[in-house]
Amino acid sequence: MASWPLSAYSQSETIIPQQVSVVGSGNRALDSYFVGLIADRAGPNIELKLVADSQLATVGNEPVVTIGPKAFDRLRREKPNVAVLGTLIERQFLDKYPHEVSDKISAVLYDVPLIRQALTGKAILPHVTKVAILVSPHNRSLYDPLLERLPDFGLKGQVFIVTKQEQLIPTLIRALNYGDLLLGTPDGDIYHPRNIKHILLTAYRRSKILIGPSQAYVKAGSLASSYPTYSSMADRTAEYLIYYSANGRFPPASYPEDYNVDVNRQVARSLNIPLSEPEQLSNIVDKLLLKSSQEVSDD
């Protein structure tokens with residue numbers, strides 16, 4: 001688990017708990033559960049308080065945790081100068097804000113690093129060598145880091161640009177003819193409810209699989225997806241709050257450390273694909289990533 005140097009307090013000091021406001025998603029059960037997880041991990045020196053939308057004006061100089069993109073948007077409109085830690089938001093959403101040059105914006109990211117999703121596919125089908133990726137024109141450059149990393153794992157990738165909606169299926173067919181698997185992405189121009197049925201049916205008819213883009217798509221027909229657990233996101237959120245309490249700022253945005261894998265066994269049976277248990281698949285991905293990082297550090 002990532003760590004940052006924390007300022008030490010002497011045991012004789014009286015520690016005043018760090019006040020932290022939390023702007024929820026609107027789902028009371030989710031908000032209460034997630035805040036409880038964070039509080040358990042942050043300890044008694046962090047005091048969390050859920051605030052309603054009508055109470056945003058009362059938020060002072062304390063740091064604020066937001067749950068979900070709508071809460072983040074609301075807070076930034078209402079209180080643009082407060083230090084905010086976004087949770088349950090994706091990298092592409094955060095990129096709309098100047099987080100890389102602001103010490104007041106950070107996040108525990110909710111989407112899954114694409115290299116992990118690609119390796120989820122490799123854990124299921126070890127023989128795969130080619131990864132196909134559908135992209136919209138304005139997002140093309142976002143996938144260069146992934147394409148550079150894939151060869152480290154015996155994979156190569158190619159992006160297929162969908163220039164307009166009517167070109168989705170022809171472009172998808174070219175992608176499926178190239179790739180051993182189709183890697184789903186957070187690209188909202190492509191992966192949205194109007195498209196997903198067509199993407200899945202086209203892939204299924206060609207005996208190809210879709211990995212990702214998120215756990216929600218597994219039920220719809222994606223073969224598998226890695227996803228961050230609420231526990232791992234709460235772990236990282238608590239770390240960030242403790243760091244803020246000691247240093248007066250948040251570390252840069254990052255992903256949580258632990259992920260699970262969700263699988264669609266019905267799709268696997270239909271395509272005659274043997275599936276290991278999700279925990280075993282997740283362990284395979286972790287080992288591949290660990291081996292790669294060790295090789296890089298040895299260079």
# chains A, B, ... in the order shown; residues from 1 in each chain; ligands from 1
call {"tool": "select_by_dssp", "arguments": {"residues": "stretch 15-200 of chain A", "states": "strand (DSSP E)", "output": "PyMOL selection string"}}
result
chain A and resi 18-23+46-51+64-67+84-89+105-109+130-135+156-161+181-183
call {"tool": "closest_atom_pairs", "arguments": {"of": "stretch 43-128 of chain A", "to": "stretch 165-188 of chain A", "cutoff": "8 Å", "atoms": "only C-alpha atoms", "output": "tab-separated table"}}
result
residue	atom	partner	partner_atom	distance
A:Gln92	CA	A:Pro186	CA	7.6
A:Asp111	CA	A:Pro186	CA	7.6
A:Leu114	CA	A:Thr185	CA	7.3
A:Gln117	CA	A:Leu183	CA	7.4
A:Ala118	CA	A:Leu183	CA	6.5
A:Gly121	CA	A:Leu181	CA	7.3
A:Val128	CA	A:Asp180	CA	5.6
call {"tool": "residues_around", "arguments": {"residues": "A:Val108", "least_positions_apart": "6", "cutoff": "6 Å", "atoms": "only C-alpha atoms", "output": "ChimeraX atom specification"}}
result
/A:87,253-255
call {"tool": "residues_around", "arguments": {"residues": "A:Tyr110", "least_positions_apart": "4", "cutoff": "9 Å", "atoms": "only C-alpha atoms", "output": "ChimeraX atom specification"}}
result
/A:87-91,227-228,233,255-256
call {"tool": "select_by_dssp", "arguments": {"residues": "stretch 101-268 of chain A", "states": "alpha helix (DSSP H)", "output": "short mmCIF file (atom, residue, chain, number, x, y, z; two decimals) with N, CA, C and O atoms, in the first residue's frame"}}
result
data_model
loop_
_atom_site.label_atom_id
_atom_site.label_comp_id
_atom_site.auth_asym_id
_atom_site.auth_seq_id
_atom_site.Cartn_x
_atom_site.Cartn_y
_atom_site.Cartn_z
N LEU A 114 -6.10 0.56 -17.16
CA LEU A 114 -6.36 -0.27 -18.34
C LEU A 114 -5.41 -1.45 -18.45
O LEU A 114 -5.79 -2.51 -18.96
N ILE A 115 -4.18 -1.30 -17.97
CA ILE A 115 -3.26 -2.43 -18.04
C ILE A 115 -3.78 -3.57 -17.17
O ILE A 115 -3.63 -4.76 -17.52
N ARG A 116 -4.40 -3.25 -16.07
CA ARG A 116 -4.96 -4.30 -15.22
C ARG A 116 -6.12 -4.99 -15.92
O ARG A 116 -6.28 -6.22 -15.85
N GLN A 117 -6.95 -4.23 -16.61
CA GLN A 117 -8.06 -4.85 -17.35
C GLN A 117 -7.53 -5.76 -18.45
O GLN A 117 -8.04 -6.86 -18.66
N ALA A 118 -6.51 -5.29 -19.17
CA ALA A 118 -5.94 -6.13 -20.24
C ALA A 118 -5.38 -7.43 -19.66
O ALA A 118 -5.57 -8.51 -20.24
N LEU A 119 -4.72 -7.34 -18.52
CA LEU A 119 -4.16 -8.53 -17.90
C LEU A 119 -5.23 -9.44 -17.31
O LEU A 119 -5.01 -10.64 -17.15
N THR A 120 -6.39 -8.88 -16.99
CA THR A 120 -7.51 -9.71 -16.58
C THR A 120 -7.90 -10.64 -17.72
O THR A 120 -8.17 -11.83 -17.53
N GLY A 121 -7.90 -10.10 -18.96
CA GLY A 121 -8.16 -10.93 -20.12
C GLY A 121 -7.09 -11.99 -20.31
O GLY A 121 -7.40 -13.15 -20.64
N LYS A 122 -5.83 -11.63 -20.10
CA LYS A 122 -4.73 -12.58 -20.26
C LYS A 122 -4.77 -13.66 -19.18
O LYS A 122 -4.40 -14.82 -19.43
N ALA A 123 -5.22 -13.31 -17.99
CA ALA A 123 -5.33 -14.31 -16.92
C ALA A 123 -6.37 -15.36 -17.29
O ALA A 123 -6.22 -16.54 -16.94
N ILE A 124 -7.42 -14.95 -17.99
CA ILE A 124 -8.47 -15.89 -18.41
C ILE A 124 -8.04 -16.68 -19.63
O ILE A 124 -8.26 -17.89 -19.72
N ASP A 144 -1.96 5.83 -25.41
CA ASP A 144 -0.55 5.63 -25.72
C ASP A 144 0.21 4.96 -24.57
O ASP A 144 1.01 4.04 -24.81
N PRO A 145 0.00 5.38 -23.31
CA PRO A 145 0.72 4.69 -22.22
C PRO A 145 0.39 3.20 -22.15
O PRO A 145 1.28 2.39 -21.87
N LEU A 146 -0.87 2.85 -22.40
CA LEU A 146 -1.24 1.43 -22.39
C LEU A 146 -0.52 0.68 -23.51
O LEU A 146 0.03 -0.41 -23.28
N LEU A 147 -0.53 1.24 -24.71
CA LEU A 147 0.12 0.58 -25.84
C LEU A 147 1.61 0.38 -25.59
O LEU A 147 2.20 -0.61 -26.04
N GLU A 148 2.23 1.30 -24.85
CA GLU A 148 3.64 1.17 -24.55
C GLU A 148 3.92 0.07 -23.52
O GLU A 148 4.99 -0.55 -23.54
N ARG A 149 2.96 -0.18 -22.64
CA ARG A 149 3.17 -1.16 -21.57
C ARG A 149 2.83 -2.59 -22.00
O ARG A 149 3.39 -3.55 -21.46
N LEU A 168 -19.61 2.66 -35.97
CA LEU A 168 -19.28 1.84 -34.81
C LEU A 168 -19.12 0.37 -35.17
O LEU A 168 -18.10 -0.25 -34.88
N ILE A 169 -20.13 -0.22 -35.80
CA ILE A 169 -20.09 -1.66 -36.06
C ILE A 169 -19.02 -2.02 -37.09
O ILE A 169 -18.26 -2.98 -36.87
N PRO A 170 -18.90 -1.31 -38.24
CA PRO A 170 -17.80 -1.64 -39.15
C PRO A 170 -16.43 -1.54 -38.50
O PRO A 170 -15.55 -2.39 -38.74
N THR A 171 -16.24 -0.50 -37.65
CA THR A 171 -14.95 -0.36 -36.96
C THR A 171 -14.77 -1.47 -35.94
O THR A 171 -13.66 -2.02 -35.78
N LEU A 172 -15.84 -1.82 -35.25
CA LEU A 172 -15.79 -2.91 -34.28
C LEU A 172 -15.40 -4.23 -34.95
O LEU A 172 -14.59 -5.00 -34.42
N ILE A 173 -15.97 -4.50 -36.11
CA ILE A 173 -15.65 -5.74 -36.82
C ILE A 173 -14.16 -5.79 -37.18
O ILE A 173 -13.50 -6.82 -37.03
N ARG A 174 -13.61 -4.66 -37.62
CA ARG A 174 -12.17 -4.63 -37.91
C ARG A 174 -11.36 -4.89 -36.65
O ARG A 174 -10.35 -5.59 -36.68
N ALA A 175 -11.81 -4.32 -35.55
CA ALA A 175 -11.11 -4.52 -34.28
C ALA A 175 -11.16 -5.98 -33.85
O ALA A 175 -10.15 -6.55 -33.39
N LEU A 176 -12.31 -6.61 -34.01
CA LEU A 176 -12.46 -8.01 -33.61
C LEU A 176 -11.66 -8.94 -34.52
O LEU A 176 -11.17 -9.98 -34.09
N ASN A 177 -11.54 -8.58 -35.79
CA ASN A 177 -10.72 -9.38 -36.71
C ASN A 177 -9.24 -9.31 -36.32
O ASN A 177 -8.48 -10.25 -36.56
N TYR A 178 -8.84 -8.20 -35.71
CA TYR A 178 -7.45 -8.04 -35.29
C TYR A 178 -7.19 -8.69 -33.94
O TYR A 178 -6.22 -9.45 -33.76
N PRO A 193 -25.19 2.95 -22.78
CA PRO A 193 -26.30 1.99 -22.91
C PRO A 193 -26.82 1.78 -24.33
O PRO A 193 -27.27 0.69 -24.67
N ARG A 194 -26.77 2.79 -25.18
CA ARG A 194 -27.30 2.61 -26.54
C ARG A 194 -26.40 1.73 -27.40
O ARG A 194 -26.87 1.12 -28.36
N ASN A 195 -25.13 1.66 -27.05
CA ASN A 195 -24.18 0.91 -27.87
C ASN A 195 -23.87 -0.49 -27.37
O ASN A 195 -23.51 -1.36 -28.16
N ILE A 196 -23.95 -0.69 -26.06
CA ILE A 196 -23.36 -1.89 -25.49
C ILE A 196 -23.99 -3.17 -26.03
O ILE A 196 -23.28 -4.17 -26.26
N LYS A 197 -25.30 -3.19 -26.26
CA LYS A 197 -25.94 -4.41 -26.78
C LYS A 197 -25.37 -4.77 -28.15
O LYS A 197 -25.07 -5.94 -28.41
N HIS A 198 -25.19 -3.77 -29.00
CA HIS A 198 -24.65 -4.02 -30.34
C HIS A 198 -23.20 -4.49 -30.27
O HIS A 198 -22.78 -5.38 -31.03
N ILE A 199 -22.42 -3.90 -29.37
CA ILE A 199 -21.02 -4.30 -29.22
C ILE A 199 -20.92 -5.75 -28.75
O ILE A 199 -20.17 -6.56 -29.30
N LEU A 200 -21.72 -6.10 -27.75
CA LEU A 200 -21.65 -7.44 -27.18
C LEU A 200 -22.14 -8.50 -28.18
O LEU A 200 -21.51 -9.56 -28.32
N LEU A 201 -23.23 -8.23 -28.88
CA LEU A 201 -23.74 -9.20 -29.85
C LEU A 201 -22.76 -9.41 -31.00
O LEU A 201 -22.55 -10.54 -31.45
N THR A 202 -22.16 -8.32 -31.47
CA THR A 202 -21.20 -8.43 -32.56
C THR A 202 -19.99 -9.24 -32.13
O THR A 202 -19.49 -10.10 -32.88
N ALA A 203 -19.50 -9.00 -30.92
CA ALA A 203 -18.36 -9.75 -30.42
C ALA A 203 -18.73 -11.22 -30.21
O ALA A 203 -17.96 -12.13 -30.59
N TYR A 204 -19.89 -11.47 -29.65
CA TYR A 204 -20.32 -12.85 -29.36
C TYR A 204 -20.43 -13.67 -30.65
O TYR A 204 -20.01 -14.82 -30.71
N ARG A 205 -20.99 -13.07 -31.70
CA ARG A 205 -21.16 -13.78 -32.97
C ARG A 205 -19.82 -14.15 -33.59
O ARG A 205 -19.76 -15.06 -34.42
N ALA A 216 -20.09 -3.14 -13.93
CA ALA A 216 -21.49 -3.03 -14.32
C ALA A 216 -21.77 -3.72 -15.65
O ALA A 216 -22.89 -4.19 -15.90
N TYR A 217 -20.76 -3.80 -16.52
CA TYR A 217 -20.96 -4.40 -17.83
C TYR A 217 -20.90 -5.92 -17.81
O TYR A 217 -21.28 -6.57 -18.78
N VAL A 218 -20.42 -6.51 -16.72
CA VAL A 218 -20.33 -7.97 -16.66
C VAL A 218 -21.72 -8.59 -16.71
O VAL A 218 -21.96 -9.57 -17.41
N LYS A 219 -22.65 -8.03 -15.97
CA LYS A 219 -24.01 -8.55 -15.99
C LYS A 219 -24.63 -8.42 -17.38
O LYS A 219 -25.40 -9.27 -17.83
N ALA A 220 -24.25 -7.35 -18.10
CA ALA A 220 -24.82 -7.13 -19.44
C ALA A 220 -24.26 -8.11 -20.47
O ALA A 220 -24.89 -8.35 -21.49
N TYR A 230 -14.82 -1.56 -2.21
CA TYR A 230 -15.06 -0.41 -1.33
C TYR A 230 -14.05 -0.38 -0.19
O TYR A 230 -13.63 0.70 0.24
N SER A 231 -13.65 -1.55 0.27
CA SER A 231 -12.66 -1.59 1.35
C SER A 231 -11.34 -0.97 0.91
O SER A 231 -10.72 -0.19 1.65
N SER A 232 -10.90 -1.32 -0.31
CA SER A 232 -9.62 -0.78 -0.78
C SER A 232 -9.71 0.72 -1.02
O SER A 232 -8.75 1.46 -0.78
N MET A 233 -10.87 1.19 -1.52
CA MET A 233 -11.03 2.63 -1.71
C MET A 233 -11.08 3.36 -0.37
O MET A 233 -10.55 4.46 -0.24
N ALA A 234 -11.71 2.73 0.62
CA ALA A 234 -11.74 3.35 1.95
C ALA A 234 -10.34 3.38 2.57
O ALA A 234 -9.97 4.35 3.24
N ASP A 235 -9.55 2.33 2.33
CA ASP A 235 -8.17 2.32 2.83
C ASP A 235 -7.40 3.53 2.30
O ASP A 235 -6.74 4.25 3.06
N ARG A 236 -7.46 3.73 0.99
CA ARG A 236 -6.70 4.82 0.38
C ARG A 236 -7.25 6.18 0.82
O ARG A 236 -6.49 7.12 1.05
N THR A 237 -8.57 6.31 0.92
CA THR A 237 -9.17 7.57 1.36
C THR A 237 -8.72 7.92 2.76
O THR A 237 -8.36 9.08 3.05
N ALA A 238 -8.70 6.95 3.66
CA ALA A 238 -8.24 7.19 5.03
C ALA A 238 -6.78 7.61 5.04
O ALA A 238 -6.38 8.53 5.78
N GLU A 239 -5.94 6.97 4.21
CA GLU A 239 -4.53 7.35 4.12
C GLU A 239 -4.39 8.82 3.71
O GLU A 239 -3.57 9.56 4.27
N TYR A 240 -5.20 9.22 2.74
CA TYR A 240 -5.13 10.60 2.25
C TYR A 240 -5.57 11.59 3.33
O TYR A 240 -5.00 12.68 3.46
N LEU A 241 -6.59 11.24 4.09
CA LEU A 241 -7.07 12.14 5.14
C LEU A 241 -6.04 12.26 6.27
O LEU A 241 -5.84 13.35 6.82
N ILE A 242 -5.40 11.17 6.61
CA ILE A 242 -4.35 11.22 7.63
C ILE A 242 -3.18 12.07 7.13
O ILE A 242 -2.61 12.87 7.89
N TYR A 243 -2.84 11.89 5.87
CA TYR A 243 -1.77 12.69 5.29
C TYR A 243 -2.13 14.18 5.32
O TYR A 243 -1.29 15.03 5.67
N TYR A 244 -3.37 14.50 4.95
CA TYR A 244 -3.80 15.90 4.95
C TYR A 244 -3.73 16.48 6.36
O TYR A 244 -3.29 17.63 6.56
N SER A 245 -4.15 15.71 7.35
CA SER A 245 -4.13 16.20 8.72
C SER A 245 -2.72 16.56 9.17
O SER A 245 -2.53 17.52 9.93
N ALA A 246 -1.73 15.83 8.67
CA ALA A 246 -0.35 16.08 9.07
C ALA A 246 0.35 17.11 8.21
O ALA A 246 1.28 17.78 8.66
N ASN A 247 -0.08 17.25 6.94
CA ASN A 247 0.67 18.06 5.98
C ASN A 247 -0.09 19.22 5.36
O ASN A 247 0.50 20.05 4.66
N ARG A 265 -20.24 -16.20 -16.01
CA ARG A 265 -20.05 -17.61 -16.31
C ARG A 265 -20.95 -18.09 -17.45
O ARG A 265 -20.61 -19.04 -18.17
N GLN A 266 -22.09 -17.45 -17.61
CA GLN A 266 -22.97 -17.83 -18.72
C GLN A 266 -22.30 -17.54 -20.06
O GLN A 266 -22.34 -18.36 -20.98
N VAL A 267 -21.68 -16.37 -20.17
CA VAL A 267 -20.95 -16.03 -21.40
C VAL A 267 -19.79 -17.00 -21.61
O VAL A 267 -19.55 -17.48 -22.73
N ALA A 268 -19.09 -17.31 -20.53
CA ALA A 268 -17.96 -18.24 -20.63
C ALA A 268 -18.41 -19.60 -21.13
O ALA A 268 -17.76 -20.21 -22.00
#
